[in-house]
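S.K.: Quick one, entry_2.pdb (PDB, C-alpha atoms and all ligand atoms):
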```pdb
ATOM      1  CA  MET A   1    -104.927  31.147  80.175  1.00  0.00           C
ATOM      2  CA  SER A   2    -107.900  33.375  79.318  1.00  0.00           C
ATOM      3  CA  LEU A   3    -108.264  34.671  75.796  1.00  0.00           C
ATOM      4  CA  GLU A   4    -107.464  38.195  77.026  1.00  0.00           C
ATOM      5  CA  GLY A   5    -104.322  37.149  78.845  1.00  0.00           C
ATOM      6  CA  ASP A   6    -103.236  34.838  76.070  1.00  0.00           C
ATOM      7  CA  LEU A   7    -103.419  37.536  73.404  1.00  0.00           C
ATOM      8  CA  ARG A   8    -102.239  40.401  75.595  1.00  0.00           C
ATOM      9  CA  SER A   9     -99.005  38.585  76.417  1.00  0.00           C
ATOM     10  CA  THR A  10     -98.171  38.218  72.711  1.00  0.00           C
ATOM     11  CA  ILE A  11     -98.534  41.921  71.863  1.00  0.00           C
ATOM     12  CA  ARG A  12     -95.386  44.031  72.063  1.00  0.00           C
ATOM     13  CA  ASN A  13     -95.909  47.566  73.346  1.00  0.00           C
ATOM     14  CA  ILE A  14     -93.411  50.147  72.125  1.00  0.00           C
ATOM     15  CA  PRO A  15     -93.430  53.550  73.860  1.00  0.00           C
ATOM     16  CA  ASP A  16     -92.921  56.771  71.879  1.00  0.00           C
ATOM     17  CA  TYR A  17     -93.382  55.149  68.438  1.00  0.00           C
ATOM     18  CA  PRO A  18     -93.866  56.556  65.823  1.00  0.00           C
ATOM     19  CA  LYS A  19     -93.645  59.701  67.929  1.00  0.00           C
ATOM     20  CA  LYS A  20     -93.354  60.802  71.532  1.00  0.00           C
ATOM     21  CA  GLY A  21     -96.412  60.120  73.673  1.00  0.00           C
ATOM     22  CA  ILE A  22     -97.779  57.292  71.508  1.00  0.00           C
ATOM     23  CA  MET A  23     -97.721  53.708  72.776  1.00  0.00           C
ATOM     24  CA  PHE A  24     -97.526  51.529  69.679  1.00  0.00           C
ATOM     25  CA  HIS A  25     -99.230  48.160  70.033  1.00  0.00           C
ATOM     26  CA  ASP A  26     -97.225  45.889  67.748  1.00  0.00           C
ATOM     27  CA  ILE A  27     -99.150  42.801  66.614  1.00  0.00           C
ATOM     28  CA  THR A  28     -96.289  41.272  64.591  1.00  0.00           C
ATOM     29  CA  THR A  29     -95.381  39.281  67.715  1.00  0.00           C
ATOM     30  CA  LEU A  30     -98.970  37.989  67.945  1.00  0.00           C
ATOM     31  CA  LEU A  31     -98.897  37.043  64.250  1.00  0.00           C
ATOM     32  CA  GLY A  32     -95.608  35.206  64.806  1.00  0.00           C
ATOM     33  CA  ASP A  33     -97.134  33.059  67.550  1.00  0.00           C
ATOM     34  CA  ALA A  34     -99.050  30.247  65.804  1.00  0.00           C
ATOM     35  CA  ARG A  35    -101.435  29.647  68.693  1.00  0.00           C
ATOM     36  CA  ALA A  36    -102.232  33.317  69.314  1.00  0.00           C
ATOM     37  CA  PHE A  37    -102.713  34.030  65.597  1.00  0.00           C
ATOM     38  CA  ARG A  38    -105.164  31.162  65.196  1.00  0.00           C
ATOM     39  CA  ARG A  39    -106.975  32.084  68.397  1.00  0.00           C
ATOM     40  CA  ALA A  40    -107.339  35.751  67.402  1.00  0.00           C
ATOM     41  CA  VAL A  41    -108.729  34.830  63.969  1.00  0.00           C
ATOM     42  CA  ASP A  42    -111.146  32.242  65.406  1.00  0.00           C
ATOM     43  CA  GLU A  43    -112.396  34.673  68.035  1.00  0.00           C
ATOM     44  CA  LEU A  44    -112.796  37.619  65.672  1.00  0.00           C
ATOM     45  CA  VAL A  45    -115.379  35.768  63.564  1.00  0.00           C
ATOM     46  CA  GLN A  46    -116.910  33.603  66.285  1.00  0.00           C
ATOM     47  CA  PRO A  47    -120.241  35.543  66.500  1.00  0.00           C
ATOM     48  CA  TRP A  48    -120.777  35.018  62.738  1.00  0.00           C
ATOM     49  CA  ALA A  49    -119.896  31.341  62.632  1.00  0.00           C
ATOM     50  CA  GLY A  50    -122.656  29.650  60.695  1.00  0.00           C
ATOM     51  CA  SER A  51    -124.040  32.852  59.187  1.00  0.00           C
ATOM     52  CA  LYS A  52    -123.555  33.838  55.586  1.00  0.00           C
ATOM     53  CA  VAL A  53    -120.683  36.266  55.064  1.00  0.00           C
ATOM     54  CA  ASP A  54    -120.016  37.246  51.455  1.00  0.00           C
ATOM     55  CA  LYS A  55    -116.874  39.328  51.887  1.00  0.00           C
ATOM     56  CA  VAL A  56    -114.304  40.333  54.464  1.00  0.00           C
ATOM     57  CA  ALA A  57    -112.841  43.791  53.882  1.00  0.00           C
ATOM     58  CA  GLY A  58    -109.368  44.415  55.322  1.00  0.00           C
ATOM     59  CA  ILE A  59    -107.754  47.807  55.838  1.00  0.00           C
ATOM     60  CA  GLU A  60    -104.168  48.245  54.614  1.00  0.00           C
ATOM     61  CA  ALA A  61    -101.830  46.889  55.796  1.00  0.00           C
ATOM     62  CA  ARG A  62    -102.250  44.853  58.979  1.00  0.00           C
ATOM     63  CA  GLY A  63    -105.939  44.411  58.198  1.00  0.00           C
ATOM     64  CA  PHE A  64    -104.872  42.435  55.118  1.00  0.00           C
ATOM     65  CA  ILE A  65    -103.084  39.807  57.190  1.00  0.00           C
ATOM     66  CA  LEU A  66    -105.860  39.319  59.712  1.00  0.00           C
ATOM     67  CA  GLY A  67    -108.641  39.871  57.181  1.00  0.00           C
ATOM     68  CA  GLY A  68    -107.255  37.279  54.761  1.00  0.00           C
ATOM     69  CA  ALA A  69    -107.194  34.666  57.496  1.00  0.00           C
ATOM     70  CA  VAL A  70    -110.670  35.688  58.692  1.00  0.00           C
ATOM     71  CA  ALA A  71    -112.030  35.448  55.126  1.00  0.00           C
ATOM     72  CA  HIS A  72    -110.668  31.925  54.802  1.00  0.00           C
ATOM     73  CA  GLN A  73    -112.179  30.964  58.145  1.00  0.00           C
ATOM     74  CA  ALA A  74    -115.565  32.446  57.188  1.00  0.00           C
ATOM     75  CA  SER A  75    -115.478  30.978  53.662  1.00  0.00           C
ATOM     76  CA  ALA A  76    -115.827  34.514  52.338  1.00  0.00           C
ATOM     77  CA  GLY A  77    -114.078  36.518  49.642  1.00  0.00           C
ATOM     78  CA  PHE A  78    -111.515  39.167  50.578  1.00  0.00           C
ATOM     79  CA  VAL A  79    -111.620  42.856  49.636  1.00  0.00           C
ATOM     80  CA  PRO A  80    -108.594  45.129  50.145  1.00  0.00           C
ATOM     81  CA  ILE A  81    -109.205  48.723  51.205  1.00  0.00           C
ATOM     82  CA  ARG A  82    -106.043  50.602  50.296  1.00  0.00           C
ATOM     83  CA  LYS A  83    -104.376  53.971  50.482  1.00  0.00           C
ATOM     84  CA  LYS A  84    -105.050  55.957  47.344  1.00  0.00           C
ATOM     85  CA  GLY A  85    -103.208  55.167  44.133  1.00  0.00           C
ATOM     86  CA  LYS A  86    -102.399  51.515  44.843  1.00  0.00           C
ATOM     87  CA  LEU A  87    -105.279  49.676  43.177  1.00  0.00           C
ATOM     88  CA  PRO A  88    -105.002  49.102  39.410  1.00  0.00           C
ATOM     89  CA  HIS A  89    -108.645  49.076  38.293  1.00  0.00           C
ATOM     90  CA  THR A  90    -111.434  51.705  38.600  1.00  0.00           C
ATOM     91  CA  THR A  91    -111.863  52.679  42.224  1.00  0.00           C
ATOM     92  CA  VAL A  92    -114.214  54.482  44.574  1.00  0.00           C
ATOM     93  CA  ARG A  93    -112.508  56.786  47.041  1.00  0.00           C
ATOM     94  CA  ILE A  94    -113.259  58.474  50.355  1.00  0.00           C
ATOM     95  CA  ALA A  95    -111.433  61.010  52.500  1.00  0.00           C
ATOM     96  CA  TYR A  96    -110.956  60.107  56.165  1.00  0.00           C
ATOM     97  CA  SER A  97    -109.546  61.897  59.151  1.00  0.00           C
ATOM     98  CA  LEU A  98    -106.189  61.165  60.679  1.00  0.00           C
ATOM     99  CA  GLU A  99    -104.827  62.585  63.895  1.00  0.00           C
ATOM    100  CA  TYR A 100    -103.356  65.452  61.887  1.00  0.00           C
ATOM    101  CA  GLY A 101    -105.157  66.181  58.627  1.00  0.00           C
ATOM    102  CA  ILE A 102    -106.867  63.862  56.196  1.00  0.00           C
ATOM    103  CA  ASP A 103    -105.985  61.105  53.776  1.00  0.00           C
ATOM    104  CA  GLU A 104    -107.897  59.078  51.209  1.00  0.00           C
ATOM    105  CA  MET A 105    -108.595  55.358  50.921  1.00  0.00           C
ATOM    106  CA  GLU A 106    -110.123  53.410  48.076  1.00  0.00           C
ATOM    107  CA  MET A 107    -111.437  50.082  46.889  1.00  0.00           C
ATOM    108  CA  HIS A 108    -112.265  48.654  43.479  1.00  0.00           C
ATOM    109  CA  GLU A 109    -115.712  49.742  42.349  1.00  0.00           C
ATOM    110  CA  ASP A 110    -116.684  46.123  41.603  1.00  0.00           C
ATOM    111  CA  ALA A 111    -115.227  44.628  44.797  1.00  0.00           C
ATOM    112  CA  VAL A 112    -118.605  44.331  46.546  1.00  0.00           C
ATOM    113  CA  LYS A 113    -122.047  43.981  45.046  1.00  0.00           C
ATOM    114  CA  LYS A 114    -125.174  45.664  46.311  1.00  0.00           C
ATOM    115  CA  GLY A 115    -126.623  43.773  49.274  1.00  0.00           C
ATOM    116  CA  GLU A 116    -123.515  41.720  50.001  1.00  0.00           C
ATOM    117  CA  ARG A 117    -122.870  40.966  53.650  1.00  0.00           C
ATOM    118  CA  VAL A 118    -119.452  42.290  54.655  1.00  0.00           C
ATOM    119  CA  ILE A 119    -117.302  42.148  57.790  1.00  0.00           C
ATOM    120  CA  LEU A 120    -114.622  44.813  58.192  1.00  0.00           C
ATOM    121  CA  VAL A 121    -111.298  43.837  59.812  1.00  0.00           C
ATOM    122  CA  ASP A 122    -108.307  45.780  61.112  1.00  0.00           C
ATOM    123  CA  ASP A 123    -105.760  45.178  63.851  1.00  0.00           C
ATOM    124  CA  LEU A 124    -106.666  48.108  66.087  1.00  0.00           C
ATOM    125  CA  ILE A 125    -109.288  50.820  66.508  1.00  0.00           C
ATOM    126  CA  ALA A 126    -108.202  54.126  68.013  1.00  0.00           C
ATOM    127  CA  THR A 127    -110.131  57.285  67.037  1.00  0.00           C
ATOM    128  CA  GLY A 128    -112.153  55.278  64.519  1.00  0.00           C
ATOM    129  CA  GLY A 129    -111.442  57.679  61.645  1.00  0.00           C
ATOM    130  CA  THR A 130    -110.014  54.925  59.441  1.00  0.00           C
ATOM    131  CA  ALA A 131    -112.787  52.409  60.114  1.00  0.00           C
ATOM    132  CA  GLU A 132    -115.482  55.067  59.737  1.00  0.00           C
ATOM    133  CA  GLY A 133    -114.158  55.877  56.263  1.00  0.00           C
ATOM    134  CA  ALA A 134    -114.124  52.188  55.338  1.00  0.00           C
ATOM    135  CA  VAL A 135    -117.715  51.675  56.536  1.00  0.00           C
ATOM    136  CA  LYS A 136    -118.877  54.689  54.519  1.00  0.00           C
ATOM    137  CA  LEU A 137    -117.102  53.406  51.412  1.00  0.00           C
ATOM    138  CA  LEU A 138    -118.639  49.932  51.774  1.00  0.00           C
ATOM    139  CA  ARG A 139    -122.110  51.348  52.374  1.00  0.00           C
ATOM    140  CA  GLN A 140    -121.712  53.674  49.394  1.00  0.00           C
ATOM    141  CA  MET A 141    -121.280  50.545  47.268  1.00  0.00           C
ATOM    142  CA  GLY A 142    -124.463  49.047  48.739  1.00  0.00           C
ATOM    143  CA  ALA A 143    -122.812  46.572  51.111  1.00  0.00           C
ATOM    144  CA  GLU A 144    -124.491  45.523  54.321  1.00  0.00           C
ATOM    145  CA  VAL A 145    -121.806  45.967  56.980  1.00  0.00           C
ATOM    146  CA  LEU A 146    -122.492  43.127  59.427  1.00  0.00           C
ATOM    147  CA  ALA A 147    -119.742  44.110  61.833  1.00  0.00           C
ATOM    148  CA  ALA A 148    -116.322  45.620  62.332  1.00  0.00           C
ATOM    149  CA  CYS A 149    -113.729  43.448  64.115  1.00  0.00           C
ATOM    150  CA  PHE A 150    -110.457  44.479  65.708  1.00  0.00           C
ATOM    151  CA  VAL A 151    -107.978  42.614  67.884  1.00  0.00           C
ATOM    152  CA  ILE A 152    -107.264  45.756  69.944  1.00  0.00           C
ATOM    153  CA  ASP A 153    -109.521  48.537  71.197  1.00  0.00           C
ATOM    154  CA  LEU A 154    -108.260  51.822  72.630  1.00  0.00           C
ATOM    155  CA  PRO A 155    -111.577  52.770  74.271  1.00  0.00           C
ATOM    156  CA  ASP A 156    -110.312  56.104  75.603  1.00  0.00           C
ATOM    157  CA  LEU A 157    -110.157  57.330  71.993  1.00  0.00           C
ATOM    158  CA  GLY A 158    -113.821  56.531  71.342  1.00  0.00           C
ATOM    159  CA  GLY A 159    -113.523  54.812  67.949  1.00  0.00           C
ATOM    160  CA  ALA A 160    -115.586  51.720  68.769  1.00  0.00           C
ATOM    161  CA  GLN A 161    -118.363  53.925  70.136  1.00  0.00           C
ATOM    162  CA  LYS A 162    -118.243  56.051  66.979  1.00  0.00           C
ATOM    163  CA  LEU A 163    -118.901  52.928  64.875  1.00  0.00           C
ATOM    164  CA  ARG A 164    -121.691  51.732  67.176  1.00  0.00           C
ATOM    165  CA  ASP A 165    -123.307  55.143  66.762  1.00  0.00           C
ATOM    166  CA  MET A 166    -123.311  54.382  63.010  1.00  0.00           C
ATOM    167  CA  ASP A 167    -125.190  51.120  63.773  1.00  0.00           C
ATOM    168  CA  VAL A 168    -122.164  48.944  63.129  1.00  0.00           C
ATOM    169  CA  PRO A 169    -121.762  46.091  65.646  1.00  0.00           C
ATOM    170  CA  VAL A 170    -118.162  46.167  66.897  1.00  0.00           C
ATOM    171  CA  ARG A 171    -116.139  43.188  68.108  1.00  0.00           C
ATOM    172  CA  THR A 172    -112.803  43.708  69.856  1.00  0.00           C
ATOM    173  CA  LEU A 173    -110.757  41.123  71.750  1.00  0.00           C
ATOM    174  CA  ILE A 174    -108.575  43.145  74.123  1.00  0.00           C
ATOM    175  CA  SER A 175    -108.301  46.735  75.190  1.00  0.00           C
ATOM    176  CA  PHE A 176    -105.533  49.036  76.372  1.00  0.00           C
ATOM    177  CA  GLU A 177    -105.870  52.266  78.321  1.00  0.00           C
ATOM    178  CA  GLY A 178    -104.637  55.522  76.828  1.00  0.00           C
ATOM    179  CA  HIS A 179    -103.281  55.954  73.325  1.00  0.00           C
TER
HETATM  180  P1  LIG A 201    -107.806  55.337  63.973  1.00  0.00           P
HETATM  181  O1  LIG A 201    -108.225  55.746  62.598  1.00  0.00           O
HETATM  182  O2  LIG A 201    -107.439  56.473  64.865  1.00  0.00           O
HETATM  183  O3  LIG A 201    -108.850  54.424  64.620  1.00  0.00           O
HETATM  184  O4  LIG A 201    -106.462  54.499  63.829  1.00  0.00           O
HETATM  185  C1  LIG A 201    -106.491  53.160  63.465  1.00  0.00           C
HETATM  186  C2  LIG A 201    -105.371  52.790  62.531  1.00  0.00           C
HETATM  187  O5  LIG A 201    -104.122  53.313  62.951  1.00  0.00           O
HETATM  188  C3  LIG A 201    -105.225  51.275  62.491  1.00  0.00           C
HETATM  189  O6  LIG A 201    -104.990  50.876  61.141  1.00  0.00           O
HETATM  190  C4  LIG A 201    -104.040  50.981  63.395  1.00  0.00           C
HETATM  191  O7  LIG A 201    -103.236  49.966  62.856  1.00  0.00           O
HETATM  192  C5  LIG A 201    -103.265  52.293  63.504  1.00  0.00           C
HETATM  193  N1  LIG A 201    -102.987  52.706  64.906  1.00  0.00           N
HETATM  194  C6  LIG A 201    -103.506  53.783  65.556  1.00  0.00           C
HETATM  195  N2  LIG A 201    -103.036  53.897  66.801  1.00  0.00           N
HETATM  196  C7  LIG A 201    -102.185  52.842  66.972  1.00  0.00           C
HETATM  197  C8  LIG A 201    -101.388  52.367  68.090  1.00  0.00           C
HETATM  198  N3  LIG A 201    -101.354  53.018  69.272  1.00  0.00           N
HETATM  199  N4  LIG A 201    -100.670  51.226  67.921  1.00  0.00           N
HETATM  200  C9  LIG A 201    -100.692  50.576  66.733  1.00  0.00           C
HETATM  201  N5  LIG A 201    -101.411  50.951  65.669  1.00  0.00           N
HETATM  202  C10 LIG A 201    -102.152  52.083  65.771  1.00  0.00           C
END
```
Please rewrite the model in this file as structure tokens.

M.R.:
Amino acid sequence: MSLEGDLRSTIRNIPDYPKKGIMFHDITTLLGDARAFRRAVDELVQPWAGSKVDKVAGIEARGFILGGAVAHQASAGFVPIRKKGKLPHTTVRIAYSLEYGIDEMEMHEDAVKKGERVILVDDLIATGGTAEGAVKLLRQMGAEVLAACFVIDLPDLGGAQKLRDMDVPVRTLISFEGH
């Protein structure tokens, strides 16, 4: 089966979760399928195979699972980007937009060094507000953001385009219409 079909069939789509009108794309079923999990991780980093990647940054929480596996595959370190108040050491923080209102995310101030080559990973990009915040935070610390990788793109919400407009190459594996 094609990569698209293979991965698509392992994602569980749940209508009206967490609220009416939202189709939730649940990747826990993909993660639970050994073949699909390996394939998704391999494909996410494929364009950077053989190039030097210093760090993979994962966005809480599903970005930790994929990002950890991607970091291992790329022989890179892993950097968690978390919701505010969860990291124990000195942090840098940025506000980012959610569908309704704003929230803040943070990372340790010493998690990336100036000039390090970083790939950002999350499970899904929708409006791009979360990933945009993460890119800004990484750049603020002097990182070179090589790319942002997501298993799922919701292109109708424009997030991937928003990142490309910030000169971040975006890699996504499958897309779904709507939101
Ligand atoms: P956004 O900031 O709008 O790009 O939203 C991306 C974040 O919200 C990611 O961390 C996703 O895990 C989560 N998310 C947004 N929409 C969905 C959806 N329809 N299904 C599953 N996760 C979603």

S.K.: What does the distance between atom CA of Cys149 of chain A and atom CA of Pro169 of chain A come to in Å, to one decimal place?

M.R.: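 Distance reported for this atom pair: 8.6 Å.
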
S.K.: Mind giving me the axis-aligned box for ligand LIG 201 (chain A) with 8 Å on every side, centre plus edges in Å to one decimal, as AutoDock Vina command-line options?

M.R.:
```
--center_x -104.8 --center_y 53.2 --center_z 65.2 --size_x 24.2 --size_y 22.5 --size_z 24.1
```

S.K.: Name every residue that the PyMOL selection byres (((chain A and resi 154-165) around 7) and not hetatm) selects in this structure, writing the answer as a PyMOL selection string with chains first and numbers rising.

M.R.: chain A and resi 125-128+132+152-153+166-170+175-179

S.K.: With all atoms listed in the file counted, collect every polymer residue having an atom within 7 Å of ligand LIG 201 (chain A); state the result as a PDB file with C-alpha atoms, in the coordinates of the input.

M.R.:
```pdb
ATOM      1  CA  ILE A  22     -97.779  57.292  71.508  1.00  0.00           C
ATOM      2  CA  MET A  23     -97.721  53.708  72.776  1.00  0.00           C
ATOM      3  CA  PHE A  24     -97.526  51.529  69.679  1.00  0.00           C
ATOM      4  CA  HIS A  25     -99.230  48.160  70.033  1.00  0.00           C
ATOM      5  CA  ASP A  26     -97.225  45.889  67.748  1.00  0.00           C
ATOM      6  CA  ILE A  59    -107.754  47.807  55.838  1.00  0.00           C
ATOM      7  CA  ARG A  62    -102.250  44.853  58.979  1.00  0.00           C
ATOM      8  CA  LEU A  98    -106.189  61.165  60.679  1.00  0.00           C
ATOM      9  CA  GLU A  99    -104.827  62.585  63.895  1.00  0.00           C
ATOM     10  CA  ASP A 122    -108.307  45.780  61.112  1.00  0.00           C
ATOM     11  CA  ASP A 123    -105.760  45.178  63.851  1.00  0.00           C
ATOM     12  CA  LEU A 124    -106.666  48.108  66.087  1.00  0.00           C
ATOM     13  CA  ILE A 125    -109.288  50.820  66.508  1.00  0.00           C
ATOM     14  CA  ALA A 126    -108.202  54.126  68.013  1.00  0.00           C
ATOM     15  CA  THR A 127    -110.131  57.285  67.037  1.00  0.00           C
ATOM     16  CA  GLY A 128    -112.153  55.278  64.519  1.00  0.00           C
ATOM     17  CA  GLY A 129    -111.442  57.679  61.645  1.00  0.00           C
ATOM     18  CA  THR A 130    -110.014  54.925  59.441  1.00  0.00           C
ATOM     19  CA  ALA A 131    -112.787  52.409  60.114  1.00  0.00           C
ATOM     20  CA  GLY A 159    -113.523  54.812  67.949  1.00  0.00           C
ATOM     21  CA  HIS A 179    -103.281  55.954  73.325  1.00  0.00           C
TER      22      HIS A 179
END
```

S.K.: Please measure the separation of atom CA of Leu138 of chain A and atom CA of Arg82 of chain A, giving the value in Å to one decimal.

M.R.: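 Atom CA of Arg82 of chain A lies 12.7 Å from atom CA of Leu138 of chain A.
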
S.K.: From the list A:Gly67, A:Val53, A:Arg139, A:Ala111, which residue is nearest Ile94 of chain A when using only C-alpha atoms?

M.R.: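 Answer, going by the shortest atom-to-atom distance: A:Arg139.
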
S.K.: With the file shown as input, list the residues that the PyMOL selection byres (((chain A and resi 12) around 7) and not hetatm) selects, as a PyMOL selection string.

M.R.: chain A and resi 10-11+13-14+25-27+29

S.K.: Can you patch up segment 136-150 of chain A, filling it in to N, CA, C and O atoms, and show the result as a compact mmCIF listing (two decimals), in the frame of the given file?

M.R.:
```txt
# COMPACT_ATOMS: atom_id res chain seq x y z
N LYS A 136 -118.17 53.79 55.46
CA LYS A 136 -118.88 54.69 54.52
C LYS A 136 -118.66 54.24 53.08
O LYS A 136 -119.59 54.24 52.27
N LEU A 137 -117.42 53.86 52.76
CA LEU A 137 -117.10 53.41 51.41
C LEU A 137 -117.89 52.14 51.07
O LEU A 137 -118.48 52.02 50.00
N LEU A 138 -117.91 51.19 52.01
CA LEU A 138 -118.64 49.93 51.77
C LEU A 138 -120.14 50.19 51.61
O LEU A 138 -120.79 49.62 50.73
N ARG A 139 -120.67 51.05 52.46
CA ARG A 139 -122.11 51.35 52.37
C ARG A 139 -122.45 52.08 51.08
O ARG A 139 -123.49 51.84 50.48
N GLN A 140 -121.54 52.95 50.66
CA GLN A 140 -121.71 53.67 49.39
C GLN A 140 -121.86 52.70 48.23
O GLN A 140 -122.58 52.97 47.28
N MET A 141 -121.20 51.56 48.33
CA MET A 141 -121.28 50.54 47.27
C MET A 141 -122.45 49.59 47.49
O MET A 141 -122.59 48.59 46.76
N GLY A 142 -123.26 49.85 48.51
CA GLY A 142 -124.46 49.05 48.74
C GLY A 142 -124.25 47.83 49.61
O GLY A 142 -125.13 46.98 49.73
N ALA A 143 -123.07 47.72 50.24
CA ALA A 143 -122.81 46.57 51.11
C ALA A 143 -123.60 46.70 52.41
O ALA A 143 -123.86 47.81 52.89
N GLU A 144 -123.92 45.55 52.97
CA GLU A 144 -124.49 45.52 54.32
C GLU A 144 -123.33 45.21 55.26
O GLU A 144 -122.75 44.11 55.19
N VAL A 145 -122.95 46.18 56.09
CA VAL A 145 -121.81 45.97 56.98
C VAL A 145 -122.31 45.25 58.24
O VAL A 145 -122.97 45.84 59.10
N LEU A 146 -122.00 43.96 58.32
CA LEU A 146 -122.49 43.13 59.43
C LEU A 146 -121.81 43.50 60.73
O LEU A 146 -122.42 43.44 61.80
N ALA A 147 -120.52 43.83 60.63
CA ALA A 147 -119.74 44.11 61.83
C ALA A 147 -118.38 44.64 61.47
O ALA A 147 -117.93 44.50 60.32
N ALA A 148 -117.72 45.24 62.46
CA ALA A 148 -116.32 45.62 62.33
C ALA A 148 -115.57 44.93 63.47
O ALA A 148 -116.00 44.99 64.62
N CYS A 149 -114.47 44.25 63.13
CA CYS A 149 -113.73 43.45 64.11
C CYS A 149 -112.28 43.91 64.22
O CYS A 149 -111.62 44.13 63.19
N PHE A 150 -111.82 44.02 65.44
CA PHE A 150 -110.46 44.48 65.71
C PHE A 150 -109.88 43.63 66.84
O PHE A 150 -110.59 43.33 67.79
```
